[in-house]
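Containing PDB, C-alpha atoms: start_26.pdb.
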```pdb
ATOM      1  CA  MET Z  58     -14.855  24.913 -38.610
ATOM      2  CA  ALA Z  59     -15.584  23.087 -35.364
ATOM      3  CA  VAL Z  60     -13.642  24.156 -32.290
ATOM      4  CA  HIS Z  61     -12.832  21.530 -29.653
ATOM      5  CA  ARG Z  62     -11.560  22.125 -26.127
ATOM      6  CA  ILE Z  63      -8.872  19.619 -25.106
ATOM      7  CA  ALA Z  64      -7.068  19.479 -21.782
ATOM      8  CA  ALA Z  65      -4.369  17.973 -19.586
ATOM      9  CA  ALA Z  66      -4.998  17.044 -15.959
ATOM     10  CA  HIS Z  67      -1.979  18.432 -14.120
ATOM     11  CA  ALA Z  68      -2.374  16.606 -10.837
ATOM     12  CA  ALA Z  69      -0.909  14.133  -8.384
ATOM     13  CA  SER Z  70      -3.031  11.212  -7.253
ATOM     14  CA  ILE Z  71      -2.852   9.431  -3.901
ATOM     15  CA  LEU Z  72      -0.087   6.871  -4.083
ATOM     16  CA  LEU Z  73      -1.079   3.261  -3.308
ATOM     17  CA  ASP Z  74      -4.725   4.254  -2.835
ATOM     18  CA  LYS Z  75      -6.836   3.134  -5.786
ATOM     19  CA  ALA Z  76     -10.162   4.330  -4.408
ATOM     20  CA  ALA Z  77      -8.917   7.814  -3.510
ATOM     21  CA  SER Z  78      -7.100   8.207  -6.830
ATOM     22  CA  ILE Z  79     -10.214   7.197  -8.775
ATOM     23  CA  ALA Z  80     -12.306   9.641  -6.710
ATOM     24  CA  LEU Z  81      -9.860  12.440  -7.562
ATOM     25  CA  ALA Z  82      -9.997  11.519 -11.256
ATOM     26  CA  CYS Z  83     -13.801  11.680 -11.147
ATOM     27  CA  ASP Z  84     -13.678  15.104  -9.492
ATOM     28  CA  MET Z  85     -11.345  16.396 -12.206
ATOM     29  CA  ILE Z  86     -13.564  14.975 -14.950
ATOM     30  CA  GLU Z  87     -16.540  16.795 -13.423
ATOM     31  CA  GLU Z  88     -14.510  20.016 -13.265
ATOM     32  CA  ALA Z  89     -13.386  19.565 -16.864
ATOM     33  CA  GLY Z  90     -16.976  19.140 -17.983
ATOM     34  CA  SER Z  91     -17.953  22.383 -16.243
ATOM     35  CA  LYS Z  92     -15.211  24.147 -18.215
ATOM     36  CA  GLY Z  93     -16.444  22.834 -21.544
ATOM     37  CA  VAL Z  94     -13.585  20.376 -21.986
ATOM     38  CA  GLU Z  95     -14.295  17.592 -24.502
ATOM     39  CA  LEU Z  96     -11.140  15.491 -23.989
ATOM     40  CA  LEU Z  97      -9.142  15.172 -20.766
ATOM     41  CA  CYS Z  98      -5.772  13.394 -20.613
ATOM     42  CA  PHE Z  99      -4.307  12.188 -17.295
ATOM     43  CA  PRO Z 100      -0.677  11.466 -16.291
ATOM     44  CA  GLU Z 101       0.977   8.055 -16.343
ATOM     45  CA  THR Z 102      -0.467   5.490 -13.882
ATOM     46  CA  PHE Z 103      -2.619   8.139 -12.212
ATOM     47  CA  VAL Z 104      -4.316   5.199 -10.539
ATOM     48  CA  PRO Z 105      -2.777   4.215  -8.118
ATOM     49  CA  GLY Z 106       0.141   6.630  -8.662
ATOM     50  CA  PHE Z 107       3.583   6.259 -10.190
ATOM     51  CA  PRO Z 108       5.903   3.852  -8.275
ATOM     52  CA  TYR Z 109       9.010   6.028  -8.077
ATOM     53  CA  TRP Z 110      10.722   3.559  -5.755
ATOM     54  CA  ILE Z 111      11.516   1.204  -8.643
ATOM     55  CA  ASN Z 112      14.294   3.574  -9.698
ATOM     56  CA  LEU Z 113      15.540   4.369  -6.206
ATOM     57  CA  TYR Z 114      15.959   1.148  -4.192
ATOM     58  CA  PRO Z 115      17.573  -2.281  -4.699
ATOM     59  CA  PRO Z 116      15.191  -4.793  -6.337
ATOM     60  CA  GLY Z 117      15.398  -7.171  -3.404
ATOM     61  CA  ASN Z 118      13.893  -4.572  -1.092
ATOM     62  CA  GLN Z 119      10.799  -4.013  -3.225
ATOM     63  CA  HIS Z 120       8.855  -7.268  -3.069
ATOM     64  CA  GLY Z 121       6.509  -6.197  -0.269
ATOM     65  CA  VAL Z 122       5.588  -2.853  -1.807
ATOM     66  CA  HIS Z 123       5.120  -4.528  -5.189
ATOM     67  CA  LEU Z 124       2.486  -6.789  -3.641
ATOM     68  CA  LYS Z 125       0.664  -3.730  -2.358
ATOM     69  CA  TYR Z 126       0.922  -2.048  -5.744
ATOM     70  CA  LEU Z 127      -0.559  -5.137  -7.416
ATOM     71  CA  ALA Z 128      -3.480  -5.062  -4.977
ATOM     72  CA  GLN Z 129      -4.129  -1.355  -5.660
ATOM     73  CA  SER Z 130      -3.930  -1.680  -9.454
ATOM     74  CA  VAL Z 131      -7.050  -1.404 -11.633
ATOM     75  CA  ASP Z 132      -8.961  -4.604 -12.391
ATOM     76  CA  ILE Z 133     -11.238  -3.636 -15.262
ATOM     77  CA  ALA Z 134     -13.069  -6.977 -15.251
ATOM     78  CA  THR Z 135     -14.306  -6.436 -11.694
ATOM     79  CA  GLY Z 136     -15.582  -2.918 -12.361
ATOM     80  CA  ASP Z 137     -12.799  -0.763 -10.924
ATOM     81  CA  LEU Z 138     -13.192   1.719 -13.788
ATOM     82  CA  ASP Z 139     -16.984   1.962 -13.502
ATOM     83  CA  PRO Z 140     -16.914   5.189 -11.425
ATOM     84  CA  VAL Z 141     -14.628   6.853 -13.976
ATOM     85  CA  CYS Z 142     -16.827   5.750 -16.872
ATOM     86  CA  ALA Z 143     -19.883   7.058 -15.036
ATOM     87  CA  ALA Z 144     -18.181  10.395 -14.360
ATOM     88  CA  ALA Z 145     -17.163  10.721 -18.010
ATOM     89  CA  GLY Z 146     -20.711   9.957 -19.131
ATOM     90  CA  LYS Z 147     -22.258  12.424 -16.689
ATOM     91  CA  ALA Z 148     -19.851  15.203 -17.663
ATOM     92  CA  GLY Z 149     -19.885  14.368 -21.380
ATOM     93  CA  VAL Z 150     -16.076  14.275 -21.437
ATOM     94  CA  SER Z 151     -13.856  11.846 -23.318
ATOM     95  CA  VAL Z 152     -11.046  10.622 -21.050
ATOM     96  CA  VAL Z 153      -7.633   9.019 -21.442
ATOM     97  CA  LEU Z 154      -6.694   7.824 -17.960
ATOM     98  CA  GLY Z 155      -3.283   6.488 -16.972
ATOM     99  CA  ILE Z 156      -3.655   3.327 -14.910
ATOM    100  CA  SER Z 157      -1.709   0.393 -13.602
ATOM    101  CA  GLU Z 158      -3.966  -2.329 -14.999
ATOM    102  CA  ARG Z 159      -4.231  -5.682 -13.224
ATOM    103  CA  ASP Z 160      -4.907  -8.819 -15.241
ATOM    104  CA  GLY Z 161      -4.623 -11.813 -12.941
ATOM    105  CA  GLY Z 162      -1.159 -11.802 -11.383
ATOM    106  CA  THR Z 163       0.331  -9.425 -13.965
ATOM    107  CA  ILE Z 164       0.057  -5.653 -14.085
ATOM    108  CA  TYR Z 165       0.493  -3.350 -17.063
ATOM    109  CA  ASN Z 166       1.312   0.331 -17.394
ATOM    110  CA  ALA Z 167      -1.723   1.396 -19.416
ATOM    111  CA  GLN Z 168      -4.038   4.085 -20.742
ATOM    112  CA  ALA Z 169      -7.808   3.577 -20.640
ATOM    113  CA  PHE Z 170      -9.758   5.309 -23.443
ATOM    114  CA  ILE Z 171     -13.285   6.289 -22.361
ATOM    115  CA  GLY Z 172     -15.867   7.994 -24.559
ATOM    116  CA  PRO Z 173     -18.171  10.875 -23.536
ATOM    117  CA  GLU Z 174     -21.084   8.500 -23.061
ATOM    118  CA  GLY Z 175     -19.088   6.532 -20.488
ATOM    119  CA  ALA Z 176     -18.129   3.557 -22.653
ATOM    120  CA  LEU Z 177     -14.665   2.009 -22.402
ATOM    121  CA  LEU Z 178     -13.351   2.229 -25.977
ATOM    122  CA  GLY Z 179     -10.092   0.381 -25.457
ATOM    123  CA  VAL Z 180      -6.923   0.015 -23.408
ATOM    124  CA  HIS Z 181      -3.373   0.682 -24.513
ATOM    125  CA  ARG Z 182      -0.713  -1.194 -22.564
ATOM    126  CA  LYS Z 183       2.812   0.234 -22.683
ATOM    127  CA  LEU Z 184       4.672  -1.875 -25.230
ATOM    128  CA  GLN Z 185       8.017  -1.848 -23.454
ATOM    129  CA  PRO Z 186       8.319  -0.825 -19.805
ATOM    130  CA  THR Z 187      11.297   1.474 -19.377
ATOM    131  CA  PHE Z 188      14.448   0.616 -17.412
ATOM    132  CA  ALA Z 189      13.510  -0.486 -13.854
ATOM    133  CA  GLU Z 190       9.807  -0.598 -14.783
ATOM    134  CA  ARG Z 191      10.470  -4.079 -16.178
ATOM    135  CA  MET Z 192      10.584  -5.391 -12.606
ATOM    136  CA  LEU Z 193       6.966  -4.403 -12.110
ATOM    137  CA  TRP Z 194       4.969  -4.272 -15.348
ATOM    138  CA  GLY Z 195       4.439  -6.709 -18.192
ATOM    139  CA  GLN Z 196       4.773  -5.868 -21.876
ATOM    140  CA  GLY Z 197       1.799  -4.712 -23.911
ATOM    141  CA  ASP Z 198       0.970  -5.951 -27.404
ATOM    142  CA  GLY Z 199      -0.113  -4.563 -30.754
ATOM    143  CA  ALA Z 200      -3.802  -5.069 -30.005
ATOM    144  CA  GLY Z 201      -3.613  -2.071 -27.704
ATOM    145  CA  LEU Z 202      -1.800   0.209 -30.143
ATOM    146  CA  ILE Z 203      -5.061   1.990 -30.848
ATOM    147  CA  VAL Z 204      -6.479   5.181 -32.274
ATOM    148  CA  ALA Z 205      -9.974   5.666 -30.841
ATOM    149  CA  GLU Z 206     -12.799   7.430 -32.646
ATOM    150  CA  MET Z 207     -14.157  10.105 -30.316
ATOM    151  CA  PRO Z 208     -16.430  13.088 -31.015
ATOM    152  CA  VAL Z 209     -13.388  15.321 -30.588
ATOM    153  CA  GLY Z 210     -11.463  13.430 -33.295
ATOM    154  CA  ARG Z 211      -9.171  10.424 -33.751
ATOM    155  CA  VAL Z 212      -7.342  10.040 -30.436
ATOM    156  CA  GLY Z 213      -4.248   7.971 -29.696
ATOM    157  CA  GLY Z 214      -1.694   7.886 -26.930
ATOM    158  CA  LEU Z 215       1.635   6.647 -25.661
ATOM    159  CA  ILE Z 216       3.230   6.535 -22.243
ATOM    160  CA  CYS Z 217       6.455   8.243 -21.127
ATOM    161  CA  TYR Z 218       9.567   6.815 -22.828
ATOM    162  CA  GLU Z 219       7.370   4.796 -25.139
ATOM    163  CA  HIS Z 220       7.701   7.987 -27.188
ATOM    164  CA  MET Z 221      11.301   6.925 -27.803
ATOM    165  CA  MET Z 222       9.944   3.986 -29.815
ATOM    166  CA  ASN Z 223       9.762   5.757 -33.158
ATOM    167  CA  LEU Z 224       7.902   2.932 -34.876
ATOM    168  CA  ALA Z 225       5.186   2.998 -32.196
ATOM    169  CA  ARG Z 226       4.763   6.707 -32.831
ATOM    170  CA  GLN Z 227       4.645   6.091 -36.573
ATOM    171  CA  ALA Z 228       2.007   3.372 -36.166
ATOM    172  CA  LEU Z 229      -0.333   5.930 -34.601
ATOM    173  CA  ILE Z 230       0.614   8.590 -37.139
ATOM    174  CA  SER Z 231      -0.092   6.206 -40.011
ATOM    175  CA  ASP Z 232      -3.467   5.421 -38.437
ATOM    176  CA  ARG Z 233      -4.330   9.098 -38.975
ATOM    177  CA  MET Z 234      -4.321  10.143 -35.343
ATOM    178  CA  GLN Z 235      -5.410  13.760 -34.865
ATOM    179  CA  ILE Z 236      -4.946  14.220 -31.111
ATOM    180  CA  HIS Z 237      -2.251  12.493 -29.092
ATOM    181  CA  CYS Z 238      -2.484  11.959 -25.322
ATOM    182  CA  ALA Z 239       0.985  11.724 -23.800
ATOM    183  CA  SER Z 240       0.924  10.404 -20.236
ATOM    184  CA  TRP Z 241       4.082  11.055 -18.191
ATOM    185  CA  PRO Z 242       5.283  11.144 -14.580
ATOM    186  CA  THR Z 243       7.825  13.741 -13.493
ATOM    187  CA  PHE Z 244      11.473  13.032 -12.798
ATOM    188  CA  ALA Z 245      12.376  16.701 -12.543
ATOM    189  CA  THR Z 246      13.076  16.411  -8.800
ATOM    190  CA  LEU Z 247      15.466  13.462  -9.031
ATOM    191  CA  ALA Z 248      18.801  14.338  -7.451
ATOM    192  CA  LYS Z 249      21.057  12.972 -10.201
ATOM    193  CA  ARG Z 250      19.221  13.527 -13.495
ATOM    194  CA  GLY Z 251      16.255  15.770 -12.908
ATOM    195  CA  GLY Z 252      17.823  18.952 -14.237
ATOM    196  CA  THR Z 253      17.245  18.178 -17.921
ATOM    197  CA  TYR Z 254      14.000  16.236 -17.610
ATOM    198  CA  ASP Z 255      11.498  18.953 -18.527
ATOM    199  CA  GLU Z 256      13.571  19.986 -21.539
ATOM    200  CA  THR Z 257      13.825  16.381 -22.746
ATOM    201  CA  VAL Z 258      10.076  15.833 -22.513
ATOM    202  CA  GLU Z 259       9.278  19.131 -24.233
ATOM    203  CA  ILE Z 260      11.589  18.317 -27.147
ATOM    204  CA  LEU Z 261      10.048  14.866 -27.573
ATOM    205  CA  MET Z 262       6.474  16.129 -27.428
ATOM    206  CA  ARG Z 263       6.945  19.093 -29.739
ATOM    207  CA  SER Z 264       8.801  16.874 -32.184
ATOM    208  CA  HIS Z 265       5.944  14.360 -32.097
ATOM    209  CA  ALA Z 266       3.423  17.119 -32.799
ATOM    210  CA  ILE Z 267       5.475  18.329 -35.769
ATOM    211  CA  THR Z 268       6.379  14.961 -37.287
ATOM    212  CA  GLY Z 269       2.938  13.483 -36.698
ATOM    213  CA  GLN Z 270       0.948  16.558 -37.706
ATOM    214  CA  CYS Z 271      -1.229  16.181 -34.635
ATOM    215  CA  PHE Z 272      -2.180  18.034 -31.482
ATOM    216  CA  VAL Z 273      -0.327  16.736 -28.422
ATOM    217  CA  ILE Z 274      -1.627  16.850 -24.858
ATOM    218  CA  LEU Z 275       1.200  16.407 -22.340
ATOM    219  CA  ALA Z 276      -0.048  15.458 -18.861
ATOM    220  CA  GLU Z 277       2.341  15.045 -15.950
ATOM    221  CA  ASN Z 278       1.863  14.587 -12.227
ATOM    222  CA  PHE Z 279       3.925  16.295  -9.576
ATOM    223  CA  VAL Z 280       5.436  14.610  -6.523
ATOM    224  CA  THR Z 281       3.657  15.282  -3.238
ATOM    225  CA  GLN Z 282       4.724  14.803   0.345
ATOM    226  CA  GLN Z 283       2.220  11.930   0.502
ATOM    227  CA  TYR Z 284       4.248  10.114  -2.162
ATOM    228  CA  LEU Z 285       7.427  10.628  -0.161
ATOM    229  CA  ASP Z 286       5.768   9.509   3.089
ATOM    230  CA  VAL Z 287       4.534   6.278   1.472
ATOM    231  CA  MET Z 288       7.965   5.461   0.084
ATOM    232  CA  GLU Z 289       9.641   6.177   3.408
ATOM    233  CA  GLU Z 290       7.129   4.018   5.267
ATOM    234  CA  GLU Z 291       7.584   1.139   2.843
ATOM    235  CA  LEU Z 292      11.308   1.367   2.088
ATOM    236  CA  GLY Z 293      12.967   3.688   4.572
ATOM    237  CA  PRO Z 294      14.486   7.168   4.380
ATOM    238  CA  GLN Z 295      15.572   8.435   0.986
ATOM    239  CA  ALA Z 296      17.132  11.564  -0.437
ATOM    240  CA  GLU Z 297      17.036  10.820  -4.167
ATOM    241  CA  ILE Z 298      13.721  12.532  -4.917
ATOM    242  CA  THR Z 299      11.951  15.536  -3.459
ATOM    243  CA  ALA Z 300       8.471  16.998  -3.724
ATOM    244  CA  GLY Z 301       7.536  19.164  -6.704
ATOM    245  CA  GLY Z 302       8.107  18.886 -10.438
ATOM    246  CA  GLY Z 303       5.436  18.322 -13.034
ATOM    247  CA  CYS Z 304       5.072  20.033 -16.398
ATOM    248  CA  SER Z 305       1.911  19.879 -18.520
ATOM    249  CA  ALA Z 306       1.219  21.554 -21.856
ATOM    250  CA  ILE Z 307      -0.619  21.354 -25.178
ATOM    251  CA  TYR Z 308       1.160  21.626 -28.531
ATOM    252  CA  ALA Z 309      -0.110  22.387 -32.021
ATOM    253  CA  PRO Z 310       0.880  20.414 -35.159
ATOM    254  CA  SER Z 311       3.292  23.256 -35.909
ATOM    255  CA  GLY Z 312       5.004  22.706 -32.557
ATOM    256  CA  ALA Z 313       3.582  25.928 -31.156
ATOM    257  CA  VAL Z 314       2.644  25.961 -27.475
ATOM    258  CA  LEU Z 315      -1.135  26.361 -27.144
ATOM    259  CA  ALA Z 316      -1.381  26.020 -23.354
ATOM    260  CA  GLY Z 317       1.157  25.925 -20.550
ATOM    261  CA  PRO Z 318       3.652  24.793 -19.736
ATOM    262  CA  HIS Z 319       2.091  24.627 -16.302
ATOM    263  CA  LYS Z 320       4.727  23.615 -13.752
ATOM    264  CA  GLY Z 321       4.821  22.780 -10.075
ATOM    265  CA  ALA Z 322       2.589  21.416  -7.356
ATOM    266  CA  THR Z 323      -0.586  23.332  -8.148
ATOM    267  CA  GLN Z 324      -3.369  21.125  -9.472
ATOM    268  CA  ALA Z 325      -4.935  22.492 -12.639
ATOM    269  CA  ILE Z 326      -6.753  21.619 -15.838
ATOM    270  CA  ILE Z 327      -4.706  23.025 -18.703
ATOM    271  CA  HIS Z 328      -6.874  23.502 -21.772
ATOM    272  CA  ALA Z 329      -6.764  24.863 -25.296
ATOM    273  CA  ASP Z 330      -9.347  25.374 -28.025
ATOM    274  CA  VAL Z 331      -8.295  23.702 -31.273
ATOM    275  CA  GLU Z 332      -9.548  23.308 -34.835
ATOM    276  CA  LEU Z 333      -8.679  19.965 -36.418
ATOM    277  CA  ASP Z 334      -8.452  21.607 -39.839
ATOM    278  CA  ASP Z 335      -5.234  23.284 -38.610
ATOM    279  CA  ILE Z 336      -3.613  19.870 -39.052
ATOM    280  CA  TYR Z 337      -3.757  20.347 -42.823
ATOM    281  CA  ARG Z 338      -1.567  23.466 -42.632
ATOM    282  CA  SER Z 339       1.231  21.043 -41.760
ATOM    283  CA  LYS Z 340       0.162  18.130 -43.942
ATOM    284  CA  VAL Z 341       0.311  20.105 -47.179
ATOM    285  CA  LEU Z 342       4.026  20.532 -46.442
ATOM    286  CA  ALA Z 343       4.852  16.980 -45.352
ATOM    287  CA  ASP Z 344       2.173  14.363 -44.686
ATOM    288  CA  THR Z 345       3.984  11.572 -42.826
ATOM    289  CA  ALA Z 346       0.840   9.421 -43.046
ATOM    290  CA  GLY Z 347       0.518  10.018 -46.787
ATOM    291  CA  HIS Z 348       2.495  11.709 -49.550
ATOM    292  CA  SER Z 349       5.721  11.943 -47.514
ATOM    293  CA  SER Z 350       5.798   8.288 -46.441
ATOM    294  CA  ARG Z 351       7.173   6.581 -49.601
ATOM    295  CA  PRO Z 352       5.625   3.156 -48.814
ATOM    296  CA  GLU Z 353       7.242   1.517 -51.850
ATOM    297  CA  ILE Z 354      10.586   2.058 -50.075
ATOM    298  CA  LEU Z 355       9.730   2.206 -46.370
ATOM    299  CA  GLN Z 356       6.950   0.161 -44.773
ATOM    300  CA  LEU Z 357       5.890  -0.408 -41.175
ATOM    301  CA  GLN Z 358       4.444  -3.768 -40.187
ATOM    302  CA  VAL Z 359       2.313  -3.896 -37.025
ATOM    303  CA  ASN Z 360       1.149  -7.146 -35.435
ATOM    304  CA  ARG Z 361      -2.202  -6.329 -33.822
ATOM    305  CA  SER Z 362      -2.864  -9.855 -32.575
ATOM    306  CA  PRO Z 363      -3.368 -10.057 -28.806
ATOM    307  CA  ALA Z 364      -0.562 -11.910 -27.047
ATOM    308  CA  GLN Z 365      -1.860 -15.224 -25.704
ATOM    309  CA  THR Z 366      -0.221 -17.616 -23.277
ATOM    310  CA  LEU Z 367      -2.612 -20.432 -24.142
ATOM    311  CA  VAL Z 368      -3.577 -21.452 -27.679
ATOM    312  CA  GLU Z 369      -5.766 -24.554 -27.768
ATOM    313  CA  THR Z 370      -6.541 -26.889 -30.645
ATOM    314  CA  GLY Z 371      -8.497 -30.109 -30.668
ATOM    315  CA  ARG Z 372      -9.802 -30.013 -27.105
ATOM    316  CA  ALA Z 373     -11.861 -33.148 -26.392
ATOM    317  CA  LYS Z 374     -15.494 -32.445 -25.526
TER     318      LYS Z 374
END
```

Is it possible to give me this structure as structure tokens?
Amino acid sequence: MAVHRIAAAHAASILLDKAASIALACDMIEEAGSKGVELLCFPETFVPGFPYWINLYPPGNQHGVHLKYLAQSVDIATGDLDPVCAAAGKAGVSVVLGISERDGGTIYNAQAFIGPEGALLGVHRKLQPTFAERMLWGQGDGAGLIVAEMPVGRVGGLICYEHMMNLARQALISDRMQIHCASWPTFATLAKRGGTYDETVEILMRSHAITGQCFVILAENFVTQQYLDVMEEELGPQAEITAGGGCSAIYAPSGAVLAGPHKGATQAIIHADVELDDIYRSKVLADTAGHSSRPEILQLQVNRSPAQTLVETGRAK
């Protein structure tokens, strides 16, 4: 049986600095390759960092920093991801990178799937931005609800509270996903609700591993002083979030912890060696993509058509 090394990048990028965040991602991909990692999953919006201010300040105060965030978001069409693709190809590592993706004047909370030869295999845009995220990011569509074929296996992913969308999880499960990349930020250092955050995420991720009969890579960032300095410079003093947090781990289809949880502000690559055949230990009990699904009673319909703002017919030549 083939053994594959999969990993989470437990790291904080450089907030509002696309170039520096991409450089850090490339360094971590190179490090992962030197450790024999075949698949590396990054936290949510690693490039250009998670915009914590959206949950902390009145909307009317955020317009200026939102313009800066738009400018620092990843424009795939202009080659912003080329260095990451090159790093993945050089290291021979498949990558799922959390990005804020720019498409014209709209940005999307997204995951970029990159193969070990450096090819961009697809982009998943978060279907429904959570809570205050709706002020900043647009909605993704079914075209990005993908499971990518990689040498390590069939790889899918969701972002943060997108894991609360049970039908989105089931769409990936039904597409026979074997490894799931879960990209999250940390809210563990929030003053009012951080105390239960790590427990909530762990329960969701272990449940997804069990119900989906898949390996789950949980990748979170931690909050650095640089993040706090940027927010203070842009929006003024704040006391709602402090430095620290972050919790990354890898779970087996049984729910067992294979690596981590690694917590706190120490950058690390958390890895585990897995055998995909272990998935069948769970599937013989309850295959939620097969004999346990009862499709004659319960069916899931997924619209994979890309959302389009312009549909033309009969244009004159």

Q. From the list Z:Leu247, Z:Leu342, Z:Glu332, Z:Glu101, which residue is nearest Gly302 (chain Z) when using all atoms listed in the file?
A.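 When distances to Gly302 (chain Z) are compared using all atoms listed in the file, the smallest one comes from Z:Leu247.
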
(Q) Residues near region 289-296 of chain Z, anyone? I mean within 12 Å using all atoms listed in the file, not counting same-chain ones fewer than 2 positions away, as a PyMOL selection string. (A) chain Z and resi 72-73+108-126+246-249+282-287+298-300

**Q.** Best match for closeness to Val359 (chain Z) among Z:Leu315, Z:Met288, Z:Leu229, Z:Leu275, counting all atoms listed in the file
**A.**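 Nearest to Val359 (chain Z): Z:Leu229.
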
Q: Take the PyMOL selection byres ((chain Z and resi 338) around 12), apply it to the structure above, and return the hits as a PyMOL selection string.
A: chain Z and resi 267+270-271+309-311+332-337+339-344

Q: Please write the residues picked by the PyMOL selection byres ((chain Z and resi 127) around 10) on this file as a list of chain:residue names.
A: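 Taken on the displayed file, the PyMOL selection byres ((chain Z and resi 127) around 10) yields the residues Z:Leu73, Z:Pro105, Z:Val122, Z:His123, Z:Leu124, Z:Lys125, Z:Tyr126, Z:Ala128, Z:Gln129, Z:Ser130, Z:Val131, Z:Asp132, Z:Ser157, Z:Glu158, Z:Arg159, Z:Asp160, Z:Gly161, Z:Gly162, Z:Thr163, Z:Ile164, Z:Tyr165, Z:Leu193, Z:Trp194.
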
Q. For the atom pair CA of Ala66 (chain Z) and CA of Ala80 (chain Z), what is the interatomic distance in Å to one decimal place?
A. 13.9 Å

Q) Could you work out how far CA of Glu259 (chain Z) lies from CA of Leu202 (chain Z), giving the answer in Å with one decimal? A) 22.7 Å

Q: List every protein, DNA or RNA residue that has at least one atom no more than 10 Å from (-10.4, 2.0, -24.3) in the file's coordinates, counting all atoms listed in the file, and write the result as a PyMOL selection string.
A: chain Z and resi 152-154+167-172+176-181+201+203-205

Q: Extract, using all atoms listed in the file, all DNA, RNA and protein residues at most 6 Å from Thr102 (chain Z), discarding same-chain residues fewer than 2 positions from it, and format them as a list of chain:residue names.
A: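 Counting only the stated atoms, we get Z:Val104, Z:Gly106, Z:Phe107, Z:Gly155, Z:Ile156, Z:Ser157.
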
Q: Convert the output of the PyMOL selection byres ((chain Z and resi 94) around 12) on the shown file into explicit residues, formatted as a PyMOL selection string.
A: chain Z and resi 60-66+85-93+95-98+145+148-152+173+208-209+326-331

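The space separating CA of Met192 (chain Z) from CA of Phe244 (chain Z) comes to 18.4 Å.
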
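Ranking Z:Ser78, Z:Ser350, Z:Asn166, Z:Gln356 by their shortest atom-to-atom distance to Gln196 (chain Z), with only C-alpha atoms included, puts Z:Asn166 first.
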
How about completing region 160-171 of chain Z with N, CA, C and O atoms and giving it to me as a JSON list (two decimals), keeping the file's coordinate frame?
```
[["chain", "number", "residue", "atom", "x", "y", "z"],
["Z", 160, "ASP", "N", -4.30, -7.71, -14.51],
["Z", 160, "ASP", "CA", -4.91, -8.82, -15.24],
["Z", 160, "ASP", "C", -4.36, -10.10, -14.63],
["Z", 160, "ASP", "O", -3.28, -10.56, -14.98],
["Z", 161, "GLY", "N", -5.12, -10.65, -13.69],
["Z", 161, "GLY", "CA", -4.62, -11.81, -12.94],
["Z", 161, "GLY", "C", -3.47, -11.41, -12.04],
["Z", 161, "GLY", "O", -3.56, -10.48, -11.25],
["Z", 162, "GLY", "N", -2.34, -12.10, -12.20],
["Z", 162, "GLY", "CA", -1.16, -11.80, -11.38],
["Z", 162, "GLY", "C", -0.17, -10.88, -12.07],
["Z", 162, "GLY", "O", 0.92, -10.67, -11.54],
["Z", 163, "THR", "N", -0.54, -10.32, -13.22],
["Z", 163, "THR", "CA", 0.33, -9.43, -13.96],
["Z", 163, "THR", "C", -0.29, -8.05, -14.02],
["Z", 163, "THR", "O", -1.51, -7.90, -14.13],
["Z", 164, "ILE", "N", 0.54, -7.02, -13.94],
["Z", 164, "ILE", "CA", 0.06, -5.65, -14.08],
["Z", 164, "ILE", "C", 0.73, -5.01, -15.29],
["Z", 164, "ILE", "O", 1.84, -5.40, -15.68],
["Z", 165, "TYR", "N", 0.03, -4.04, -15.86],
["Z", 165, "TYR", "CA", 0.49, -3.35, -17.06],
["Z", 165, "TYR", "C", 0.37, -1.84, -16.87],
["Z", 165, "TYR", "O", -0.61, -1.35, -16.30],
["Z", 166, "ASN", "N", 1.36, -1.13, -17.33],
["Z", 166, "ASN", "CA", 1.31, 0.33, -17.39],
["Z", 166, "ASN", "C", 0.43, 0.68, -18.59],
["Z", 166, "ASN", "O", 0.77, 0.36, -19.73],
["Z", 167, "ALA", "N", -0.71, 1.33, -18.37],
["Z", 167, "ALA", "CA", -1.72, 1.40, -19.42],
["Z", 167, "ALA", "C", -2.43, 2.75, -19.46],
["Z", 167, "ALA", "O", -2.34, 3.56, -18.53],
["Z", 168, "GLN", "N", -3.13, 2.96, -20.57],
["Z", 168, "GLN", "CA", -4.04, 4.08, -20.74],
["Z", 168, "GLN", "C", -5.42, 3.53, -21.08],
["Z", 168, "GLN", "O", -5.56, 2.72, -22.00],
["Z", 169, "ALA", "N", -6.43, 3.97, -20.35],
["Z", 169, "ALA", "CA", -7.81, 3.58, -20.64],
["Z", 169, "ALA", "C", -8.48, 4.70, -21.43],
["Z", 169, "ALA", "O", -8.47, 5.86, -21.00],
["Z", 170, "PHE", "N", -9.06, 4.35, -22.58],
["Z", 170, "PHE", "CA", -9.76, 5.31, -23.44],
["Z", 170, "PHE", "C", -11.26, 5.19, -23.18],
["Z", 170, "PHE", "O", -11.85, 4.13, -23.41],
["Z", 171, "ILE", "N", -11.87, 6.28, -22.74],
["Z", 171, "ILE", "CA", -13.28, 6.29, -22.36],
["Z", 171, "ILE", "C", -14.00, 7.38, -23.15],
["Z", 171, "ILE", "O", -13.53, 8.53, -23.19]]
```
